[in-house]
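To be precise, the following lines are target-v5.pdb, and they hold PDB, C-alpha atoms, pLDDT in the B column.
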ATOM      1  CA  MET A   1     -13.467 -30.960 -25.457  1.00 40.00           C
ATOM      2  CA  ALA A   2     -15.297 -30.905 -22.147  1.00 43.00           C
ATOM      3  CA  ASP A   3     -18.423 -32.948 -21.503  1.00 44.00           C
ATOM      4  CA  GLU A   4     -20.311 -33.656 -18.300  1.00 50.00           C
ATOM      5  CA  ARG A   5     -17.183 -33.359 -16.166  1.00 58.00           C
ATOM      6  CA  ALA A   6     -17.792 -31.571 -12.890  1.00 90.00           C
ATOM      7  CA  THR A   7     -14.348 -29.947 -12.856  1.00 95.00           C
ATOM      8  CA  TYR A   8     -11.648 -28.569 -15.133  1.00 96.00           C
ATOM      9  CA  ARG A   9      -7.952 -29.041 -14.354  1.00 97.00           C
ATOM     10  CA  ALA A  10      -6.041 -25.781 -14.698  1.00 98.00           C
ATOM     11  CA  THR A  11      -2.379 -24.877 -14.424  1.00 98.00           C
ATOM     12  CA  VAL A  12      -1.681 -21.839 -12.233  1.00 98.00           C
ATOM     13  CA  GLY A  13       2.031 -21.113 -12.371  1.00 98.00           C
ATOM     14  CA  SER A  14       3.891 -23.966 -10.692  1.00 98.00           C
ATOM     15  CA  GLN A  15       0.656 -25.579  -9.442  1.00 98.00           C
ATOM     16  CA  GLU A  16      -2.379 -27.397 -10.801  1.00 98.00           C
ATOM     17  CA  ILE A  17      -5.909 -27.187  -9.456  1.00 98.00           C
ATOM     18  CA  GLU A  18      -9.321 -28.729 -10.143  1.00 97.00           C
ATOM     19  CA  LEU A  19     -11.888 -25.984 -10.711  1.00 97.00           C
ATOM     20  CA  PRO A  20     -15.635 -26.659 -10.502  1.00 96.00           C
ATOM     21  CA  LEU A  21     -17.578 -26.042 -13.703  1.00 96.00           C
ATOM     22  CA  THR A  22     -20.254 -23.500 -12.828  1.00 94.00           C
ATOM     23  CA  ARG A  23     -23.144 -22.518 -15.080  1.00 93.00           C
ATOM     24  CA  ILE A  24     -23.487 -18.737 -15.408  1.00 91.00           C
ATOM     25  CA  SER A  25     -26.281 -18.657 -18.006  1.00 91.00           C
ATOM     26  CA  THR A  26     -27.979 -20.957 -20.517  1.00 92.00           C
ATOM     27  CA  ASP A  27     -25.102 -20.550 -22.960  1.00 93.00           C
ATOM     28  CA  LEU A  28     -22.127 -20.013 -20.638  1.00 94.00           C
ATOM     29  CA  THR A  29     -20.335 -22.187 -18.080  1.00 95.00           C
ATOM     30  CA  VAL A  30     -17.070 -21.229 -16.395  1.00 96.00           C
ATOM     31  CA  ALA A  31     -14.344 -22.988 -14.429  1.00 97.00           C
ATOM     32  CA  LEU A  32     -14.659 -21.143 -11.124  1.00 96.00           C
ATOM     33  CA  LEU A  33     -11.579 -20.165  -9.124  1.00 97.00           C
ATOM     34  CA  MET A  34     -12.548 -19.004  -5.632  1.00 96.00           C
ATOM     35  CA  THR A  35      -9.356 -17.683  -4.042  1.00 97.00           C
ATOM     36  CA  ILE A  36     -10.968 -17.630  -0.601  1.00 95.00           C
ATOM     37  CA  ASP A  37     -11.657 -21.381  -0.769  1.00 95.00           C
ATOM     38  CA  VAL A  38      -8.446 -22.930  -2.125  1.00 96.00           C
ATOM     39  CA  GLY A  39      -6.243 -22.732   0.961  1.00 95.00           C
ATOM     40  CA  VAL A  40      -3.463 -20.500   2.219  1.00 97.00           C
ATOM     41  CA  ALA A  41      -0.593 -22.547   0.793  1.00 98.00           C
ATOM     42  CA  PHE A  42      -1.986 -22.486  -2.748  1.00 98.00           C
ATOM     43  CA  ILE A  43      -2.457 -18.714  -2.783  1.00 98.00           C
ATOM     44  CA  GLN A  44       0.903 -18.128  -1.115  1.00 98.00           C
ATOM     45  CA  GLN A  45       2.685 -20.072  -3.864  1.00 98.00           C
ATOM     46  CA  ALA A  46       0.589 -18.500  -6.613  1.00 98.00           C
ATOM     47  CA  GLY A  47       1.368 -15.054  -5.217  1.00 98.00           C
ATOM     48  CA  ALA A  48       5.081 -15.828  -5.204  1.00 98.00           C
ATOM     49  CA  ASP A  49       4.909 -17.141  -8.779  1.00 98.00           C
ATOM     50  CA  LEU A  50       3.068 -14.032  -9.953  1.00 98.00           C
ATOM     51  CA  ALA A  51       5.335 -11.656  -8.029  1.00 98.00           C
ATOM     52  CA  ALA A  52       8.377 -13.140  -9.757  1.00 98.00           C
ATOM     53  CA  LEU A  53       6.861 -12.232 -13.126  1.00 98.00           C
ATOM     54  CA  LEU A  54       5.808  -8.732 -12.042  1.00 98.00           C
ATOM     55  CA  ALA A  55       9.013  -7.779 -10.225  1.00 98.00           C
ATOM     56  CA  PRO A  56      10.863  -6.510 -13.360  1.00 98.00           C
ATOM     57  CA  SER A  57       8.239  -3.740 -13.631  1.00 98.00           C
ATOM     58  CA  ARG A  58       9.421  -2.442 -10.216  1.00 98.00           C
ATOM     59  CA  PRO A  59       5.978  -1.799  -8.692  1.00 98.00           C
ATOM     60  CA  GLN A  60       5.854   0.325  -5.558  1.00 98.00           C
ATOM     61  CA  VAL A  61       2.376  -0.765  -4.478  1.00 98.00           C
ATOM     62  CA  VAL A  62      -0.045  -3.586  -5.312  1.00 98.00           C
ATOM     63  CA  VAL A  63      -3.731  -2.901  -5.932  1.00 98.00           C
ATOM     64  CA  SER A  64      -6.659  -5.290  -6.343  1.00 98.00           C
ATOM     65  CA  ALA A  65     -10.443  -5.313  -6.065  1.00 97.00           C
ATOM     66  CA  ALA A  66     -12.548  -6.919  -3.361  1.00 95.00           C
ATOM     67  CA  THR A  67     -13.235  -9.674  -2.658  1.00 93.00           C
ATOM     68  CA  LEU A  68     -11.463 -12.453  -4.531  1.00 96.00           C
ATOM     69  CA  GLY A  69      -8.478 -10.283  -5.422  1.00 97.00           C
ATOM     70  CA  ILE A  70      -7.607  -9.616  -1.767  1.00 97.00           C
ATOM     71  CA  PRO A  71      -5.645 -12.860  -1.129  1.00 98.00           C
ATOM     72  CA  VAL A  72      -3.769 -12.291  -4.396  1.00 98.00           C
ATOM     73  CA  ALA A  73      -2.828  -8.736  -3.403  1.00 98.00           C
ATOM     74  CA  ILE A  74      -1.620  -9.848   0.010  1.00 98.00           C
ATOM     75  CA  GLU A  75       0.601 -12.650  -1.268  1.00 98.00           C
ATOM     76  CA  VAL A  76       2.000 -10.711  -4.230  1.00 98.00           C
ATOM     77  CA  SER A  77       2.833  -7.808  -1.905  1.00 98.00           C
ATOM     78  CA  ARG A  78       4.479 -10.161   0.569  1.00 98.00           C
ATOM     79  CA  ALA A  79       6.562 -11.835  -2.138  1.00 98.00           C
ATOM     80  CA  LEU A  80       7.638  -8.454  -3.553  1.00 98.00           C
ATOM     81  CA  GLY A  81       8.758  -7.307  -0.105  1.00 98.00           C
ATOM     82  CA  LEU A  82       6.124  -4.567   0.036  1.00 98.00           C
ATOM     83  CA  ASP A  83       4.373  -3.692   3.285  1.00 95.00           C
ATOM     84  CA  ASP A  84       1.266  -2.025   1.867  1.00 94.00           C
ATOM     85  CA  TYR A  85      -1.463  -2.792  -0.643  1.00 98.00           C
ATOM     86  CA  VAL A  86      -4.674  -1.055  -1.704  1.00 98.00           C
ATOM     87  CA  ILE A  87      -8.069  -2.697  -2.171  1.00 98.00           C
ATOM     88  CA  LEU A  88     -10.762  -1.175  -4.363  1.00 97.00           C
ATOM     89  CA  GLN A  89     -14.087  -1.770  -2.614  1.00 94.00           C
ATOM     90  CA  LYS A  90     -17.434  -2.748  -4.125  1.00 90.00           C
ATOM     91  CA  THR A  91     -19.650  -2.330  -1.036  1.00 87.00           C
ATOM     92  CA  PRO A  92     -20.637   1.178   0.095  1.00 80.00           C
ATOM     93  CA  LYS A  93     -19.541   1.916   3.660  1.00 84.00           C
ATOM     94  CA  ALA A  94     -19.718   5.005   5.862  1.00 82.00           C
ATOM     95  CA  HIS A  95     -16.079   5.954   5.318  1.00 86.00           C
ATOM     96  CA  LEU A  96     -16.490   5.643   1.538  1.00 87.00           C
ATOM     97  CA  ALA A  97     -19.243   8.252   1.197  1.00 84.00           C
ATOM     98  CA  ASP A  98     -16.968  10.572  -0.824  1.00 89.00           C
ATOM     99  CA  ALA A  99     -14.830   7.839  -2.428  1.00 94.00           C
ATOM    100  CA  LEU A 100     -13.639   8.009  -6.015  1.00 93.00           C
ATOM    101  CA  ALA A 101     -16.013   5.730  -7.929  1.00 92.00           C
ATOM    102  CA  GLU A 102     -16.160   3.874 -11.233  1.00 95.00           C
ATOM    103  CA  PRO A 103     -19.038   1.682 -12.535  1.00 92.00           C
ATOM    104  CA  LEU A 104     -18.379  -1.926 -13.501  1.00 85.00           C
ATOM    105  CA  GLN A 105     -20.109  -5.213 -14.245  1.00 67.00           C
ATOM    106  CA  SER A 106     -18.609  -8.629 -13.508  1.00 65.00           C
ATOM    107  CA  ILE A 107     -19.242 -11.866 -15.420  1.00 58.00           C
ATOM    108  CA  THR A 108     -19.934 -13.769 -12.185  1.00 57.00           C
ATOM    109  CA  THR A 109     -22.042 -11.072 -10.506  1.00 58.00           C
ATOM    110  CA  GLY A 110     -24.314 -10.110 -13.375  1.00 61.00           C
ATOM    111  CA  VAL A 111     -25.532  -6.846 -11.834  1.00 69.00           C
ATOM    112  CA  PRO A 112     -24.046  -3.355 -12.113  1.00 77.00           C
ATOM    113  CA  GLN A 113     -21.651  -2.418  -9.319  1.00 85.00           C
ATOM    114  CA  ARG A 114     -19.273   0.409  -8.466  1.00 91.00           C
ATOM    115  CA  LEU A 115     -15.594   0.277  -7.639  1.00 95.00           C
ATOM    116  CA  LEU A 116     -14.697   2.614  -4.797  1.00 96.00           C
ATOM    117  CA  LEU A 117     -11.319   4.049  -3.845  1.00 97.00           C
ATOM    118  CA  ASP A 118     -11.166   5.574  -0.377  1.00 96.00           C
ATOM    119  CA  ARG A 119      -9.848   9.140  -0.734  1.00 95.00           C
ATOM    120  CA  ALA A 120      -7.628   8.494   2.282  1.00 96.00           C
ATOM    121  CA  ARG A 121      -5.825   5.848   0.191  1.00 97.00           C
ATOM    122  CA  VAL A 122      -5.269   8.027  -2.867  1.00 97.00           C
ATOM    123  CA  PRO A 123      -1.755   9.054  -1.690  1.00 98.00           C
ATOM    124  CA  ALA A 124      -0.785   5.368  -1.670  1.00 98.00           C
ATOM    125  CA  VAL A 125      -1.229   5.202  -5.469  1.00 98.00           C
ATOM    126  CA  ALA A 126      -0.907   8.776  -6.767  1.00 98.00           C
ATOM    127  CA  GLY A 127       2.324   9.215  -8.698  1.00 98.00           C
ATOM    128  CA  ARG A 128       3.437   5.680  -7.811  1.00 98.00           C
ATOM    129  CA  ARG A 129       4.211   2.597  -9.888  1.00 98.00           C
ATOM    130  CA  VAL A 130       1.237   0.270  -9.414  1.00 98.00           C
ATOM    131  CA  ALA A 131       0.858  -3.462 -10.033  1.00 98.00           C
ATOM    132  CA  LEU A 132      -2.842  -4.173 -10.529  1.00 98.00           C
ATOM    133  CA  VAL A 133      -3.596  -7.810  -9.697  1.00 98.00           C
ATOM    134  CA  ASP A 134      -6.666 -10.033  -9.763  1.00 98.00           C
ATOM    135  CA  ASP A 135      -7.751 -13.639  -9.485  1.00 98.00           C
ATOM    136  CA  VAL A 136      -9.201 -14.112 -12.985  1.00 98.00           C
ATOM    137  CA  ILE A 137      -9.517 -11.764 -15.952  1.00 97.00           C
ATOM    138  CA  ALA A 138     -12.543 -12.834 -18.006  1.00 96.00           C
ATOM    139  CA  THR A 139     -14.395 -10.095 -19.902  1.00 94.00           C
ATOM    140  CA  GLY A 140     -11.852  -7.463 -18.884  1.00 96.00           C
ATOM    141  CA  GLY A 141     -14.592  -5.237 -17.470  1.00 94.00           C
ATOM    142  CA  SER A 142     -13.376  -5.232 -13.883  1.00 94.00           C
ATOM    143  CA  ILE A 143      -9.761  -4.590 -14.841  1.00 97.00           C
ATOM    144  CA  ALA A 144     -10.762  -1.805 -17.238  1.00 96.00           C
ATOM    145  CA  ALA A 145     -12.810  -0.135 -14.496  1.00 96.00           C
ATOM    146  CA  SER A 146      -9.928  -0.522 -12.049  1.00 97.00           C
ATOM    147  CA  LEU A 147      -7.550   1.080 -14.534  1.00 98.00           C
ATOM    148  CA  ARG A 148      -9.865   4.044 -15.063  1.00 97.00           C
ATOM    149  CA  LEU A 149     -10.254   4.543 -11.324  1.00 98.00           C
ATOM    150  CA  LEU A 150      -6.544   4.261 -10.575  1.00 98.00           C
ATOM    151  CA  ARG A 151      -5.566   6.611 -13.388  1.00 98.00           C
ATOM    152  CA  ALA A 152      -8.154   9.129 -12.187  1.00 97.00           C
ATOM    153  CA  ALA A 153      -6.327   8.986  -8.854  1.00 98.00           C
ATOM    154  CA  GLY A 154      -2.995   9.685 -10.544  1.00 98.00           C
ATOM    155  CA  ALA A 155      -1.573   6.162 -10.428  1.00 98.00           C
ATOM    156  CA  ASP A 156       0.999   4.881 -12.915  1.00 98.00           C
ATOM    157  CA  VAL A 157      -0.164   1.324 -13.617  1.00 98.00           C
ATOM    158  CA  VAL A 158       2.975  -0.391 -14.876  1.00 98.00           C
ATOM    159  CA  THR A 159       1.794  -4.009 -14.904  1.00 98.00           C
ATOM    160  CA  ILE A 160      -1.331  -6.147 -14.558  1.00 98.00           C
ATOM    161  CA  GLY A 161      -1.042  -9.609 -13.043  1.00 98.00           C
ATOM    162  CA  THR A 162      -3.615 -12.367 -12.733  1.00 98.00           C
ATOM    163  CA  LEU A 163      -3.714 -15.994 -11.708  1.00 98.00           C
ATOM    164  CA  LEU A 164      -5.761 -16.906 -14.792  1.00 98.00           C
ATOM    165  CA  VAL A 165      -7.082 -15.360 -17.972  1.00 98.00           C
ATOM    166  CA  GLU A 166     -10.367 -16.851 -19.157  1.00 98.00           C
ATOM    167  CA  GLY A 167     -11.263 -17.041 -22.829  1.00 97.00           C
ATOM    168  CA  ALA A 168     -10.170 -14.157 -25.036  1.00 96.00           C
ATOM    169  CA  ALA A 169     -12.790 -11.400 -24.680  1.00 95.00           C
ATOM    170  CA  TRP A 170     -10.604  -9.536 -22.193  1.00 97.00           C
ATOM    171  CA  GLY A 171      -8.017  -8.673 -24.869  1.00 97.00           C
ATOM    172  CA  PRO A 172     -10.207  -6.445 -27.068  1.00 97.00           C
ATOM    173  CA  ALA A 173     -11.904  -5.026 -23.955  1.00 95.00           C
ATOM    174  CA  LEU A 174      -8.568  -3.785 -22.597  1.00 97.00           C
ATOM    175  CA  GLY A 175      -7.206  -2.592 -25.937  1.00 97.00           C
ATOM    176  CA  ALA A 176      -3.604  -1.382 -25.662  1.00 98.00           C
ATOM    177  CA  ASP A 177      -3.620  -2.159 -21.925  1.00 98.00           C
ATOM    178  CA  ALA A 178      -3.844  -5.882 -22.739  1.00 98.00           C
ATOM    179  CA  ALA A 179      -0.086  -5.724 -23.305  1.00 98.00           C
ATOM    180  CA  LEU A 180       0.357  -5.067 -19.573  1.00 98.00           C
ATOM    181  CA  VAL A 181      -1.273  -8.380 -18.607  1.00 98.00           C
ATOM    182  CA  THR A 182       0.796 -11.249 -17.228  1.00 98.00           C
ATOM    183  CA  ALA A 183      -1.023 -14.467 -16.253  1.00 98.00           C
ATOM    184  CA  LEU A 184       0.008 -17.672 -14.511  1.00 98.00           C
ATOM    185  CA  GLY A 185      -2.375 -19.700 -16.659  1.00 98.00           C
ATOM    186  CA  ARG A 186      -5.181 -19.700 -19.203  1.00 98.00           C
ATOM    187  CA  ILE A 187      -8.577 -21.375 -19.171  1.00 98.00           C
ATOM    188  CA  PRO A 188     -11.469 -21.508 -21.654  1.00 98.00           C
ATOM    189  CA  VAL A 189     -15.113 -20.727 -21.142  1.00 96.00           C
ATOM    190  CA  PHE A 190     -17.569 -23.511 -21.962  1.00 96.00           C
ATOM    191  CA  ARG A 191     -20.504 -23.540 -24.365  1.00 95.00           C
ATOM    192  CA  PRO A 192     -23.322 -26.121 -24.598  1.00 94.00           C
ATOM    193  CA  THR A 193     -23.223 -28.626 -27.448  1.00 93.00           C
ATOM    194  CA  ALA A 194     -26.146 -30.077 -29.394  1.00 92.00           C
ATOM    195  CA  THR A 195     -25.668 -33.367 -27.551  1.00 90.00           C
ATOM    196  CA  GLY A 196     -25.990 -31.801 -24.100  1.00 86.00           C
ATOM    197  CA  GLY A 197     -22.293 -31.641 -23.284  1.00 90.00           C
ATOM    198  CA  LEU A 198     -19.888 -28.734 -23.016  1.00 93.00           C
ATOM    199  CA  ALA A 199     -17.288 -27.534 -25.509  1.00 94.00           C
ATOM    200  CA  GLU A 200     -14.217 -25.513 -24.599  1.00 96.00           C
ATOM    201  CA  ASP A 201     -14.296 -22.033 -26.124  1.00 95.00           C
ATOM    202  CA  TRP A 202     -10.899 -20.321 -26.142  1.00 96.00           C
ATOM    203  CA  ASP A 203     -11.966 -17.438 -28.402  1.00 89.00           C
TER     204      ASP A 203
END
Show the structure stored in the file as structure tokens.
Amino acid sequence: MADERATYRATVGSQEIELPLTRISTDLTVALLMTIDVGVAFIQQAGADLAALLAPSRPQVVVSAATLGIPVAIEVSRALGLDDYVILQKTPKAHLADALAEPLQSITTGVPQRLLLDRARVPAVAGRRVALVDDVIATGGSIAASLRLLRAAGADVVTIGTLLVEGAAWGPALGADAALVTALGRIPVFRPTATGGLAEDWD
């Protein structure tokens, strides 16, 4: 059980980290992993740990979504000995006017967004073995949108890697693709109790 604790201690591969409990709505609190705030050494080790698990799938390129997936993509690529990675954007920019696009909604953003794949980067994934990586898989919505976008571009997504999976909603959301997911750790979501505390919800 969790109560009024300000943080939740999570295992991420060979490391442990204290994650701040962050209220998303009246009935949902999450342990928030911000990959851009945890330090270079932590992400470097996490990337190496994840790469070791993904290597048997023989990916040729690593793909992630901006923004929090970028450090993961860099370190996984580095550990796999790859010199290129592809980032799916969420912010419209001039060079993305004709990008391949896929709608999505994130648990931590709460508003509809679009994933964008620069057409100039399509050759980097088309016909290639892709490892799709992310920081946390929660509802599965972002990963599902990424899969649709990559497959529309002709990518062969052979594995999905994440630092953490959160709760269990992502499994049904991904369907058969859930079998591709490899995670360095698992965390619950948190629900309010009648006494004003928080209870861990793993389902």
Exercise for review: Can you give me, as a PyMOL selection string, the residues this file yields under the PyMOL selection byres ((chain A and resi 136) around 6)?
Suggested key: chain A and resi 134-135+137+162-165
Exercise for review: Pick out the residues sitting within 12 Å of Leu96 in chain A, and hand them over as an NGL selection string; count all atoms listed in the file, and ignore anything fewer than 3 positions along from it in its own chain.
Suggested key: :A and (88-93 or 99-101 or 114-121)
Practice item. Compare A:Ala66, A:Leu147, A:Ile36, A:Val61 by their minimum atom-to-atom distance to Ala124 in chain A, counting only C-alpha atoms, and give me the closest one. Key: A:Val61
**Study point:** Nearest to Ala152 in chain A by atom-to-atom distance, counting only C-alpha atoms, from A:Gly127, A:Ala138, A:Pro188, A:Thr182
**Key:**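 Smallest distance to Ala152 in chain A is found for A:Gly127.
Taking CA of Ala73 in chain A and CA of Val40 in chain A as the two end points, the separation is 13.1 Å.
Note that the spacing between CA of Ala52 in chain A and CA of Val12 in chain A amounts to 13.5 Å.
Of the residues under consideration (A:Val158, A:Ala199, A:Ile24, A:Ala145), A:Val158 shows the shortest atom-to-atom contact distance to Val130 in chain A when counting all atoms listed in the file.
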Check your understanding: Please, what distance in Å, to one decimal, runs between CA of Thr195 in chain A and CA of Thr29 in chain A?
Key -> 15.6 Å
Review point. Which is closer to Leu54 in chain A than all the others in A:Val76, A:Val30, A:Leu174, A:Ile70, using only C-alpha atoms?
Key: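 Under the stated criterion, the closest residue is A:Val76.
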Please, could N, CA, C and O atoms be added to range 25-41 of chain A and the result written as a PDB file, keeping the file's coordinate frame?
ATOM      1  N   SER A  25     -25.045 -18.917 -17.262  1.00 91.00           N
ATOM      2  CA  SER A  25     -26.281 -18.657 -18.006  1.00 91.00           C
ATOM      3  C   SER A  25     -26.552 -19.872 -18.892  1.00 91.00           C
ATOM      4  O   SER A  25     -25.807 -20.855 -18.858  1.00 91.00           O
ATOM      5  N   THR A  26     -27.616 -19.809 -19.677  1.00 92.00           N
ATOM      6  CA  THR A  26     -27.979 -20.957 -20.517  1.00 92.00           C
ATOM      7  C   THR A  26     -26.901 -21.289 -21.542  1.00 92.00           C
ATOM      8  O   THR A  26     -26.795 -22.438 -21.974  1.00 92.00           O
ATOM      9  N   ASP A  27     -26.112 -20.294 -21.929  1.00 93.00           N
ATOM     10  CA  ASP A  27     -25.102 -20.550 -22.960  1.00 93.00           C
ATOM     11  C   ASP A  27     -23.668 -20.355 -22.471  1.00 93.00           C
ATOM     12  O   ASP A  27     -22.735 -20.321 -23.275  1.00 93.00           O
ATOM     13  N   LEU A  28     -23.481 -20.244 -21.146  1.00 94.00           N
ATOM     14  CA  LEU A  28     -22.127 -20.013 -20.638  1.00 94.00           C
ATOM     15  C   LEU A  28     -21.898 -20.744 -19.320  1.00 94.00           C
ATOM     16  O   LEU A  28     -22.654 -20.585 -18.360  1.00 94.00           O
ATOM     17  N   THR A  29     -20.818 -21.530 -19.286  1.00 95.00           N
ATOM     18  CA  THR A  29     -20.335 -22.187 -18.080  1.00 95.00           C
ATOM     19  C   THR A  29     -18.873 -21.809 -17.900  1.00 95.00           C
ATOM     20  O   THR A  29     -18.134 -21.699 -18.882  1.00 95.00           O
ATOM     21  N   VAL A  30     -18.460 -21.608 -16.657  1.00 96.00           N
ATOM     22  CA  VAL A  30     -17.070 -21.229 -16.395  1.00 96.00           C
ATOM     23  C   VAL A  30     -16.439 -22.178 -15.384  1.00 96.00           C
ATOM     24  O   VAL A  30     -17.131 -22.811 -14.584  1.00 96.00           O
ATOM     25  N   ALA A  31     -15.114 -22.281 -15.453  1.00 97.00           N
ATOM     26  CA  ALA A  31     -14.344 -22.988 -14.429  1.00 97.00           C
ATOM     27  C   ALA A  31     -14.056 -21.972 -13.336  1.00 97.00           C
ATOM     28  O   ALA A  31     -13.335 -20.997 -13.559  1.00 97.00           O
ATOM     29  N   LEU A  32     -14.633 -22.176 -12.157  1.00 96.00           N
ATOM     30  CA  LEU A  32     -14.659 -21.143 -11.124  1.00 96.00           C
ATOM     31  C   LEU A  32     -13.499 -21.276 -10.139  1.00 96.00           C
ATOM     32  O   LEU A  32     -13.364 -22.281  -9.445  1.00 96.00           O
ATOM     33  N   LEU A  33     -12.659 -20.238 -10.101  1.00 97.00           N
ATOM     34  CA  LEU A  33     -11.579 -20.165  -9.124  1.00 97.00           C
ATOM     35  C   LEU A  33     -12.010 -19.236  -7.999  1.00 97.00           C
ATOM     36  O   LEU A  33     -12.183 -18.035  -8.207  1.00 97.00           O
ATOM     37  N   MET A  34     -12.181 -19.797  -6.800  1.00 96.00           N
ATOM     38  CA  MET A  34     -12.548 -19.004  -5.632  1.00 96.00           C
ATOM     39  C   MET A  34     -11.320 -18.920  -4.726  1.00 96.00           C
ATOM     40  O   MET A  34     -11.001 -19.857  -3.996  1.00 96.00           O
ATOM     41  N   THR A  35     -10.623 -17.800  -4.773  1.00 97.00           N
ATOM     42  CA  THR A  35      -9.356 -17.683  -4.042  1.00 97.00           C
ATOM     43  C   THR A  35      -9.532 -17.788  -2.534  1.00 97.00           C
ATOM     44  O   THR A  35      -8.573 -18.100  -1.831  1.00 97.00           O
ATOM     45  N   ILE A  36     -10.737 -17.546  -2.040  1.00 95.00           N
ATOM     46  CA  ILE A  36     -10.968 -17.630  -0.601  1.00 95.00           C
ATOM     47  C   ILE A  36     -11.267 -19.062  -0.152  1.00 95.00           C
ATOM     48  O   ILE A  36     -11.420 -19.307   1.049  1.00 95.00           O
ATOM     49  N   ASP A  37     -11.309 -19.999  -1.102  1.00 95.00           N
ATOM     50  CA  ASP A  37     -11.657 -21.381  -0.769  1.00 95.00           C
ATOM     51  C   ASP A  37     -10.559 -22.397  -1.088  1.00 95.00           C
ATOM     52  O   ASP A  37     -10.755 -23.589  -0.840  1.00 95.00           O
ATOM     53  N   VAL A  38      -9.439 -21.961  -1.639  1.00 96.00           N
ATOM     54  CA  VAL A  38      -8.446 -22.930  -2.125  1.00 96.00           C
ATOM     55  C   VAL A  38      -7.291 -23.171  -1.157  1.00 96.00           C
ATOM     56  O   VAL A  38      -6.409 -23.976  -1.442  1.00 96.00           O
ATOM     57  N   GLY A  39      -7.278 -22.490  -0.034  1.00 95.00           N
ATOM     58  CA  GLY A  39      -6.243 -22.732   0.961  1.00 95.00           C
ATOM     59  C   GLY A  39      -5.117 -21.714   0.915  1.00 95.00           C
ATOM     60  O   GLY A  39      -4.791 -21.157  -0.133  1.00 95.00           O
ATOM     61  N   VAL A  40      -4.519 -21.506   2.070  1.00 97.00           N
ATOM     62  CA  VAL A  40      -3.463 -20.500   2.219  1.00 97.00           C
ATOM     63  C   VAL A  40      -2.225 -20.866   1.412  1.00 97.00           C
ATOM     64  O   VAL A  40      -1.623 -20.024   0.746  1.00 97.00           O
ATOM     65  N   ALA A  41      -1.828 -22.135   1.456  1.00 98.00           N
ATOM     66  CA  ALA A  41      -0.593 -22.547   0.793  1.00 98.00           C
ATOM     67  C   ALA A  41      -0.675 -22.349  -0.714  1.00 98.00           C
ATOM     68  O   ALA A  41       0.301 -21.918  -1.348  1.00 98.00           O
TER      69      ALA A  41
END
